[in-house]
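Peer 1: The structure's right below; bear with me while I get my questions together.
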Amino acid sequence: MTKTASGWRELSEPAKYRLYAQVTLLAAIASVTVFAGITVAGALWASATVAISGLASLAALLSRADLFAGSTPALRRWGLPVGAIALAVVWVSCAIAAELTTDTSGVVAVRATGFAATLFAAQSIVPFVRHRWWVLLGMSVATGAVLGATTGKVVQLMALTGLISGVLLSSTLLTRWGLQIVEELERAKTVEARLQVAEERLRFARDLHDVVGRSFSAIAVKSELAATLAKVGAHDRARTEMDEVRSVAVDSMKQMRALVRGYRDINLDGEVAGARSLLAAAGCRLAIEGDPSNVPARFHEVSAWVVREGTTNIVKHSTATSATMTLGKAGMSLRNNGVLASSHTSRDQSQQTGLRGLAERLTSVDAGLDTTSNRDGFLLEVHWNTA
């Protein structure tokens, strides 16, 4: 039970919804099977037929890749048509048996079996055909007219069949719609992330062009001019031009280093603001206790790396919905309520790749790192040595 709960917490929110939706559909099939089985418990043939109908309905649902992505190719190809044929055969057989059976208990078993076949079809077959609501209406009328005639309750059975079948049909349609929305949102997030990377690359390319493009053009022109002057014997002017080429090249290198340094610089205020924004986008609310100014100045850069690495861990490796960041003079901490998928209860989490690099940064400034993972979440603590 503990492993199951831990596995559930480690799932992402979309994965949790998929699992919940799939279990709900399967539970509906199981419920119809159980109730119908109880009704026909006295007739072995009817119990077997209900079980077969339930399996046919299950195969039809599992064949839908938009509901169960892990289904096999063979099941995707044959599950729905085989399930539809099986349920149709069961229903027709029950309709014929209802006309021929005179025994009261036999009539009840036939009605229950045919009724169950209709409900199975409403959930696993009808949602995926054209004009589904007209098909459902026809099924309800036919079920009431054929199976209800044996007891004189045609209208009542029509209404009951239509009501329950409509609920089952709607549940399947709503589940598929919800799963499609989740898939679209995940794709949108992936596309957004790729666009952000592409935009950053374009921005860097643009800045690089603006910074060194003109300098390279000047170097090319002056080099060509110096070569021409050297050919005609104007060596002094050629030497002057080459000195200018060297000066432009040195300036370009300085500008390029400054550009790269600007992209690599990191500051605590910016990382805290970025962490709040990133976690909010990931569905995790970040509460901040304290202020970046509380952190001693010489620890600002490394604490910014702590915020960045801690935020990355929450987004990539947890299912946290809330987090708390504490910034103080003696240290800082970042706690979240989602357990890392790959973590254990050990405090030596710095052996993991990202945290190991963070621990090395902290060691260089004489600071300590502790991590704790348990059922309540994950805690990253940093202690400054201000002595």
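Lettering and numbering for the structure tokens are positional, with chains as A, B, ... in the shown order, residues counted from 1 in each chain, and ligands counted from 1 in the shown order.
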Got a sec: who's within 8 Å of stretch 163-176 of chain A, counting only C-alpha atoms, leaving out chain neighbours fewer than 6 positions off, as JSON, numbers by chain?

Peer 2: {"A": [21, 25, 28, 66, 67, 118, 119, 122, 123, 124, 126, 127, 136, 140]}

Peer 1: Keeping only N, CA and C atoms, write the selected residues as a PDB file, in the first residue's frame.

Peer 2:
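Wrote it out as out.pdb, contents follow:
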ATOM      1  N   ALA A  21      -8.897   8.632 -15.094  1.00  0.00           N
ATOM      2  CA  ALA A  21      -9.908   8.489 -16.144  1.00  0.00           C
ATOM      3  C   ALA A  21     -10.009   7.042 -16.616  1.00  0.00           C
ATOM      4  N   LEU A  25     -13.338   4.414 -16.253  1.00  0.00           N
ATOM      5  CA  LEU A  25     -13.982   3.672 -17.338  1.00  0.00           C
ATOM      6  C   LEU A  25     -14.024   2.174 -17.041  1.00  0.00           C
ATOM      7  N   ALA A  28     -16.605   1.311 -14.459  1.00  0.00           N
ATOM      8  CA  ALA A  28     -17.976   1.281 -14.975  1.00  0.00           C
ATOM      9  C   ALA A  28     -18.283  -0.077 -15.606  1.00  0.00           C
ATOM     10  N   ASP A  66      -6.689   6.710 -28.053  1.00  0.00           N
ATOM     11  CA  ASP A  66      -6.933   7.995 -27.412  1.00  0.00           C
ATOM     12  C   ASP A  66      -7.370   7.844 -25.964  1.00  0.00           C
ATOM     13  N   LEU A  67      -7.696   6.622 -25.556  1.00  0.00           N
ATOM     14  CA  LEU A  67      -8.046   6.351 -24.163  1.00  0.00           C
ATOM     15  C   LEU A  67      -6.958   5.558 -23.445  1.00  0.00           C
ATOM     16  N   THR A 118     -26.555  -4.166 -23.895  1.00  0.00           N
ATOM     17  CA  THR A 118     -26.862  -2.819 -24.376  1.00  0.00           C
ATOM     18  C   THR A 118     -26.018  -1.779 -23.653  1.00  0.00           C
ATOM     19  N   LEU A 119     -25.893  -1.916 -22.336  1.00  0.00           N
ATOM     20  CA  LEU A 119     -25.097  -0.961 -21.562  1.00  0.00           C
ATOM     21  C   LEU A 119     -23.622  -1.037 -21.937  1.00  0.00           C
ATOM     22  N   ALA A 122     -23.202   0.733 -25.155  1.00  0.00           N
ATOM     23  CA  ALA A 122     -23.350   2.182 -24.997  1.00  0.00           C
ATOM     24  C   ALA A 122     -22.063   2.824 -24.503  1.00  0.00           C
ATOM     25  N   GLN A 123     -21.309   2.105 -23.700  1.00  0.00           N
ATOM     26  CA  GLN A 123     -20.088   2.684 -23.161  1.00  0.00           C
ATOM     27  C   GLN A 123     -18.883   2.491 -24.067  1.00  0.00           C
ATOM     28  N   SER A 124     -18.764   1.358 -24.712  1.00  0.00           N
ATOM     29  CA  SER A 124     -17.513   1.041 -25.405  1.00  0.00           C
ATOM     30  C   SER A 124     -17.604   0.989 -26.924  1.00  0.00           C
ATOM     31  N   VAL A 126     -20.710   2.548 -28.983  1.00  0.00           N
ATOM     32  CA  VAL A 126     -21.476   3.677 -29.535  1.00  0.00           C
ATOM     33  C   VAL A 126     -20.699   4.991 -29.519  1.00  0.00           C
ATOM     34  N   PRO A 127     -19.869   5.299 -28.503  1.00  0.00           N
ATOM     35  CA  PRO A 127     -19.157   6.581 -28.510  1.00  0.00           C
ATOM     36  C   PRO A 127     -18.257   6.794 -29.718  1.00  0.00           C
ATOM     37  N   LEU A 136     -27.910   5.369 -30.095  1.00  0.00           N
ATOM     38  CA  LEU A 136     -28.291   5.072 -28.710  1.00  0.00           C
ATOM     39  C   LEU A 136     -29.809   5.043 -28.546  1.00  0.00           C
ATOM     40  N   SER A 140     -32.029   1.828 -27.357  1.00  0.00           N
ATOM     41  CA  SER A 140     -32.920   1.883 -26.193  1.00  0.00           C
ATOM     42  C   SER A 140     -34.329   1.447 -26.561  1.00  0.00           C
TER      43      SER A 140
END

Peer 1: What lies within 12 Å of A:Leu58 using only C-alpha atoms, ignoring chain neighbours under 3 positions off, as an MDAnalysis selection string?

Peer 2: chainID A and resid 22:23 25:30 32:33 51:55 61:64 67:68 71 75 79:80 82:84 86:87 120:121 123:125

Peer 1: Write the selection just made, keeping C-alpha atoms, as a PDB file, in the first residue's frame?

Peer 2:
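Printed below is selection.pdb as written:
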ATOM      1  CA  GLN A  22      -8.886   5.003 -17.250  1.00  0.00           C
ATOM      2  CA  VAL A  23      -9.737   3.450 -13.889  1.00  0.00           C
ATOM      3  CA  LEU A  25     -13.982   3.672 -17.338  1.00  0.00           C
ATOM      4  CA  LEU A  26     -12.865   0.220 -16.271  1.00  0.00           C
ATOM      5  CA  ALA A  27     -14.795   0.547 -13.011  1.00  0.00           C
ATOM      6  CA  ALA A  28     -17.976   1.281 -14.975  1.00  0.00           C
ATOM      7  CA  ILE A  29     -17.530  -1.933 -16.978  1.00  0.00           C
ATOM      8  CA  ALA A  30     -16.827  -3.859 -13.789  1.00  0.00           C
ATOM      9  CA  VAL A  32     -22.242  -3.409 -14.973  1.00  0.00           C
ATOM     10  CA  THR A  33     -20.662  -6.873 -15.021  1.00  0.00           C
ATOM     11  CA  ALA A  51     -18.698 -12.170 -18.469  1.00  0.00           C
ATOM     12  CA  ILE A  52     -18.059 -12.552 -22.203  1.00  0.00           C
ATOM     13  CA  SER A  53     -19.942  -9.317 -22.875  1.00  0.00           C
ATOM     14  CA  GLY A  54     -17.839  -7.524 -20.267  1.00  0.00           C
ATOM     15  CA  LEU A  55     -14.628  -8.797 -21.858  1.00  0.00           C
ATOM     16  CA  LEU A  61     -12.243   0.299 -24.914  1.00  0.00           C
ATOM     17  CA  LEU A  62      -8.637  -0.873 -24.670  1.00  0.00           C
ATOM     18  CA  SER A  63      -8.364  -0.725 -28.459  1.00  0.00           C
ATOM     19  CA  ARG A  64      -8.793   3.038 -28.398  1.00  0.00           C
ATOM     20  CA  LEU A  67      -8.046   6.351 -24.163  1.00  0.00           C
ATOM     21  CA  PHE A  68      -5.348   3.731 -23.557  1.00  0.00           C
ATOM     22  CA  SER A  71      -2.672  -0.896 -26.177  1.00  0.00           C
ATOM     23  CA  LEU A  75      -5.816  -4.884 -30.073  1.00  0.00           C
ATOM     24  CA  GLY A  79     -10.631  -4.839 -30.411  1.00  0.00           C
ATOM     25  CA  LEU A  80     -13.487  -2.566 -31.468  1.00  0.00           C
ATOM     26  CA  VAL A  82     -14.662  -7.921 -32.445  1.00  0.00           C
ATOM     27  CA  GLY A  83     -16.226  -6.345 -29.366  1.00  0.00           C
ATOM     28  CA  ALA A  84     -19.072  -4.886 -31.417  1.00  0.00           C
ATOM     29  CA  ALA A  86     -19.709 -10.110 -29.829  1.00  0.00           C
ATOM     30  CA  LEU A  87     -22.129  -7.718 -28.145  1.00  0.00           C
ATOM     31  CA  PHE A 120     -21.717  -2.398 -22.542  1.00  0.00           C
ATOM     32  CA  ALA A 121     -22.260  -1.282 -26.135  1.00  0.00           C
ATOM     33  CA  GLN A 123     -20.088   2.684 -23.161  1.00  0.00           C
ATOM     34  CA  SER A 124     -17.513   1.041 -25.405  1.00  0.00           C
ATOM     35  CA  ILE A 125     -18.951   0.895 -28.946  1.00  0.00           C
TER      36      ILE A 125
END

Peer 1: Using only C-alpha atoms, which of the listed residues (A:Glu289, A:Glu301, A:Glu192, A:Glu309) sits closest to A:Thr326?

Peer 2: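 Looking at the shortest contact to A:Thr326, the residue is A:Glu289.
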
Peer 1: Applying 12 Å and only C-alpha atoms, which residues near A:Gly148 remain after dropping the ones on its own chain fewer than 2 positions away? List them as a ChimeraX atom specification.

Peer 2: /A:94-95,98-99,107-108,110-112,114-115,140-146,150-161

Peer 1: Using only N, CA and C atoms, please write the residues we just selected to a file, as a PDB file, in the first residue's frame.

Peer 2:
ATOM      1  N   CYS A  94     -30.250 -12.921 -27.027  1.00  0.00           N
ATOM      2  CA  CYS A  94     -31.173 -12.648 -25.919  1.00  0.00           C
ATOM      3  C   CYS A  94     -32.556 -12.274 -26.444  1.00  0.00           C
ATOM      4  N   ALA A  95     -32.599 -11.529 -27.554  1.00  0.00           N
ATOM      5  CA  ALA A  95     -33.891 -11.157 -28.133  1.00  0.00           C
ATOM      6  C   ALA A  95     -34.657 -12.393 -28.595  1.00  0.00           C
ATOM      7  N   ALA A  98     -35.763 -14.396 -25.554  1.00  0.00           N
ATOM      8  CA  ALA A  98     -36.877 -13.767 -24.840  1.00  0.00           C
ATOM      9  C   ALA A  98     -38.216 -14.164 -25.435  1.00  0.00           C
ATOM     10  N   GLU A  99     -38.243 -14.413 -26.744  1.00  0.00           N
ATOM     11  CA  GLU A  99     -39.486 -14.820 -27.400  1.00  0.00           C
ATOM     12  C   GLU A  99     -39.784 -16.299 -27.179  1.00  0.00           C
ATOM     13  N   VAL A 107     -36.686 -15.881 -18.191  1.00  0.00           N
ATOM     14  CA  VAL A 107     -36.984 -14.575 -18.784  1.00  0.00           C
ATOM     15  C   VAL A 107     -36.187 -13.477 -18.093  1.00  0.00           C
ATOM     16  N   VAL A 108     -36.108 -13.540 -16.774  1.00  0.00           N
ATOM     17  CA  VAL A 108     -35.341 -12.540 -16.019  1.00  0.00           C
ATOM     18  C   VAL A 108     -33.865 -12.582 -16.410  1.00  0.00           C
ATOM     19  N   VAL A 110     -32.591 -13.685 -19.242  1.00  0.00           N
ATOM     20  CA  VAL A 110     -32.454 -13.198 -20.617  1.00  0.00           C
ATOM     21  C   VAL A 110     -32.514 -11.677 -20.653  1.00  0.00           C
ATOM     22  N   ARG A 111     -33.481 -11.103 -19.952  1.00  0.00           N
ATOM     23  CA  ARG A 111     -33.622  -9.640 -19.932  1.00  0.00           C
ATOM     24  C   ARG A 111     -32.371  -8.980 -19.368  1.00  0.00           C
ATOM     25  N   ALA A 112     -31.879  -9.505 -18.248  1.00  0.00           N
ATOM     26  CA  ALA A 112     -30.704  -8.911 -17.613  1.00  0.00           C
ATOM     27  C   ALA A 112     -29.475  -9.012 -18.512  1.00  0.00           C
ATOM     28  N   GLY A 114     -29.399  -9.298 -21.890  1.00  0.00           N
ATOM     29  CA  GLY A 114     -29.557  -8.392 -23.022  1.00  0.00           C
ATOM     30  C   GLY A 114     -29.412  -6.941 -22.621  1.00  0.00           C
ATOM     31  N   PHE A 115     -29.962  -6.604 -21.449  1.00  0.00           N
ATOM     32  CA  PHE A 115     -29.842  -5.241 -20.934  1.00  0.00           C
ATOM     33  C   PHE A 115     -28.376  -4.892 -20.692  1.00  0.00           C
ATOM     34  N   SER A 140     -32.029   1.828 -27.357  1.00  0.00           N
ATOM     35  CA  SER A 140     -32.920   1.883 -26.193  1.00  0.00           C
ATOM     36  C   SER A 140     -34.329   1.447 -26.561  1.00  0.00           C
ATOM     37  N   VAL A 141     -34.811   1.935 -27.706  1.00  0.00           N
ATOM     38  CA  VAL A 141     -36.159   1.561 -28.152  1.00  0.00           C
ATOM     39  C   VAL A 141     -36.223   0.063 -28.438  1.00  0.00           C
ATOM     40  N   ALA A 142     -35.198  -0.456 -29.137  1.00  0.00           N
ATOM     41  CA  ALA A 142     -35.196  -1.882 -29.474  1.00  0.00           C
ATOM     42  C   ALA A 142     -35.117  -2.747 -28.223  1.00  0.00           C
ATOM     43  N   THR A 143     -34.282  -2.345 -27.283  1.00  0.00           N
ATOM     44  CA  THR A 143     -34.156  -3.121 -26.045  1.00  0.00           C
ATOM     45  C   THR A 143     -35.466  -3.140 -25.271  1.00  0.00           C
ATOM     46  N   GLY A 144     -36.095  -1.976 -25.172  1.00  0.00           N
ATOM     47  CA  GLY A 144     -37.371  -1.926 -24.462  1.00  0.00           C
ATOM     48  C   GLY A 144     -38.458  -2.701 -25.169  1.00  0.00           C
ATOM     49  N   ALA A 145     -38.506  -2.581 -26.507  1.00  0.00           N
ATOM     50  CA  ALA A 145     -39.572  -3.237 -27.273  1.00  0.00           C
ATOM     51  C   ALA A 145     -39.430  -4.750 -27.264  1.00  0.00           C
ATOM     52  N   VAL A 146     -38.193  -5.236 -27.384  1.00  0.00           N
ATOM     53  CA  VAL A 146     -37.981  -6.687 -27.481  1.00  0.00           C
ATOM     54  C   VAL A 146     -37.934  -7.350 -26.108  1.00  0.00           C
ATOM     55  N   THR A 150     -41.834  -9.039 -22.847  1.00  0.00           N
ATOM     56  CA  THR A 150     -42.088 -10.290 -22.122  1.00  0.00           C
ATOM     57  C   THR A 150     -42.688 -10.037 -20.747  1.00  0.00           C
ATOM     58  N   THR A 151     -42.561  -8.830 -20.245  1.00  0.00           N
ATOM     59  CA  THR A 151     -43.107  -8.516 -18.919  1.00  0.00           C
ATOM     60  C   THR A 151     -44.118  -7.381 -18.966  1.00  0.00           C
ATOM     61  N   GLY A 152     -44.364  -6.848 -20.146  1.00  0.00           N
ATOM     62  CA  GLY A 152     -45.318  -5.763 -20.270  1.00  0.00           C
ATOM     63  C   GLY A 152     -44.804  -4.424 -19.780  1.00  0.00           C
ATOM     64  N   LYS A 153     -43.493  -4.263 -19.709  1.00  0.00           N
ATOM     65  CA  LYS A 153     -42.906  -3.008 -19.229  1.00  0.00           C
ATOM     66  C   LYS A 153     -42.004  -2.416 -20.301  1.00  0.00           C
ATOM     67  N   VAL A 154     -42.584  -2.218 -21.471  1.00  0.00           N
ATOM     68  CA  VAL A 154     -41.806  -1.736 -22.616  1.00  0.00           C
ATOM     69  C   VAL A 154     -41.299  -0.322 -22.378  1.00  0.00           C
ATOM     70  N   VAL A 155     -42.209   0.589 -22.039  1.00  0.00           N
ATOM     71  CA  VAL A 155     -41.841   2.001 -21.883  1.00  0.00           C
ATOM     72  C   VAL A 155     -40.847   2.180 -20.745  1.00  0.00           C
ATOM     73  N   GLN A 156     -41.110   1.473 -19.627  1.00  0.00           N
ATOM     74  CA  GLN A 156     -40.199   1.602 -18.490  1.00  0.00           C
ATOM     75  C   GLN A 156     -38.789   1.146 -18.850  1.00  0.00           C
ATOM     76  N   LEU A 157     -38.675   0.033 -19.563  1.00  0.00           N
ATOM     77  CA  LEU A 157     -37.352  -0.476 -19.931  1.00  0.00           C
ATOM     78  C   LEU A 157     -36.673   0.427 -20.956  1.00  0.00           C
ATOM     79  N   MET A 158     -37.472   0.993 -21.869  1.00  0.00           N
ATOM     80  CA  MET A 158     -36.905   1.949 -22.830  1.00  0.00           C
ATOM     81  C   MET A 158     -36.289   3.139 -22.098  1.00  0.00           C
ATOM     82  N   ALA A 159     -37.062   3.689 -21.147  1.00  0.00           N
ATOM     83  CA  ALA A 159     -36.584   4.864 -20.414  1.00  0.00           C
ATOM     84  C   ALA A 159     -35.352   4.534 -19.578  1.00  0.00           C
ATOM     85  N   LEU A 160     -35.390   3.398 -18.889  1.00  0.00           N
ATOM     86  CA  LEU A 160     -34.259   3.007 -18.054  1.00  0.00           C
ATOM     87  C   LEU A 160     -33.010   2.759 -18.899  1.00  0.00           C
ATOM     88  N   THR A 161     -33.194   2.081 -20.024  1.00  0.00           N
ATOM     89  CA  THR A 161     -32.057   1.816 -20.915  1.00  0.00           C
ATOM     90  C   THR A 161     -31.477   3.111 -21.457  1.00  0.00           C
TER      91      THR A 161
END

Peer 1: Would you return as a ChimeraX atom specification the members of stretch 191-359 of chain A that DSSP assigns to helix (DSSP H, G or I) on this structure's backbone?

Peer 2: /A:191-231,235-264,268-281,292-294,297-317,349-351,353-359

Peer 1: Tell me, as a VMD selection string, which residues lie within 8 Å of A:Gly338, counting only C-alpha atoms; anything in the same chain fewer than 4 positions away does not count.

Peer 2: chain A and resid 9 to 10 314 318 to 321 376 to 378

Peer 1: Identify, with DSSP run on backbone atoms, the residues in stretch 260-342 of chain A assigned to strand (DSSP E), and express the list as a compact mmCIF listing (two decimals) with C-alpha atoms, in the first residue's frame.

Peer 2:
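The resulting out.txt:
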# COMPACT_ATOMS: atom_id res chain seq x y z
CA ARG A 285 2.78 27.83 -5.51
CA LEU A 286 6.00 29.29 -4.09
CA ALA A 287 5.97 31.11 -0.75
CA ILE A 288 9.06 33.19 0.06
CA GLU A 289 10.07 33.84 3.65
CA GLY A 290 12.73 36.48 4.07
CA SER A 322 3.48 24.07 -3.02
CA ALA A 323 6.98 25.10 -2.01
CA THR A 324 8.54 27.39 0.57
CA MET A 325 11.82 29.27 0.15
CA THR A 326 13.51 30.72 3.23
CA LEU A 327 16.29 33.29 2.91
CA GLY A 331 21.40 30.01 5.58
CA MET A 332 18.58 29.27 3.19
CA SER A 333 16.22 26.41 2.45
CA LEU A 334 13.79 25.25 -0.21
CA ARG A 335 11.05 22.83 0.80
CA ASN A 336 8.37 21.27 -1.43

Peer 1: Show me, as a list in words, the residues that have an atom within 7 Å of stretch 241-258 of chain A when counting only C-alpha atoms, minus same-chain residues fewer than 6 positions from it.

Peer 2: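 Contacts, in chain order: Val211, Val212, Ser215, Ile219, Lys222, Ser223 and Ala226 of chain A.
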
Peer 1: I need the residues from that last selection saved to file as an mmCIF file, in the first residue's frame (with C-alpha atoms), if you can.

Peer 2:
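The resulting file, part.cif, is reproduced below:
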data_model
loop_
_atom_site.group_PDB
_atom_site.id
_atom_site.type_symbol
_atom_site.label_atom_id
_atom_site.label_comp_id
_atom_site.auth_asym_id
_atom_site.auth_seq_id
_atom_site.Cartn_x
_atom_site.Cartn_y
_atom_site.Cartn_z
ATOM 1 C CA VAL A 211 28.374 43.151 -31.307
ATOM 2 C CA VAL A 212 30.949 41.594 -33.633
ATOM 3 C CA SER A 215 33.993 44.602 -36.298
ATOM 4 C CA ILE A 219 38.674 43.694 -40.176
ATOM 5 C CA LYS A 222 41.169 46.918 -43.536
ATOM 6 C CA SER A 223 42.966 43.603 -44.166
ATOM 7 C CA ALA A 226 46.579 46.566 -46.101
#

Peer 1: Residues within 10 Å of stretch 14-17 of chain A, please, as an NGL selection string. Count only C-alpha atoms; anything in the same chain fewer than 6 positions from it doesn't count.

Peer 2: :A and (8 or 23 or 175 or 178-179 or 182-183 or 185-186)

Peer 1: Identify which of the residues A:Leu259, A:Leu229, A:Leu362, A:Val129 lies closest to A:Ala304, counting only C-alpha atoms when measuring atom-to-atom distances.

Peer 2: A:Leu362

Peer 1: Could you please determine the separation between atom CA of A:Phe299 and atom CA of A:Trp384 in Å, to one decimal place?

Peer 2: 7.8 Å

Peer 1: Can you pull out every residue within 7 Å of stretch 306-308 of chain A, counting only C-alpha atoms, but drop anything in the same chain fewer than 2 positions away, and send it as a list in words?

Peer 2: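 So the residues in contact are Glu271, Val272, Val302, Ser303, Ala304, Gly310, Thr311, Thr312 and Leu358 of chain A.
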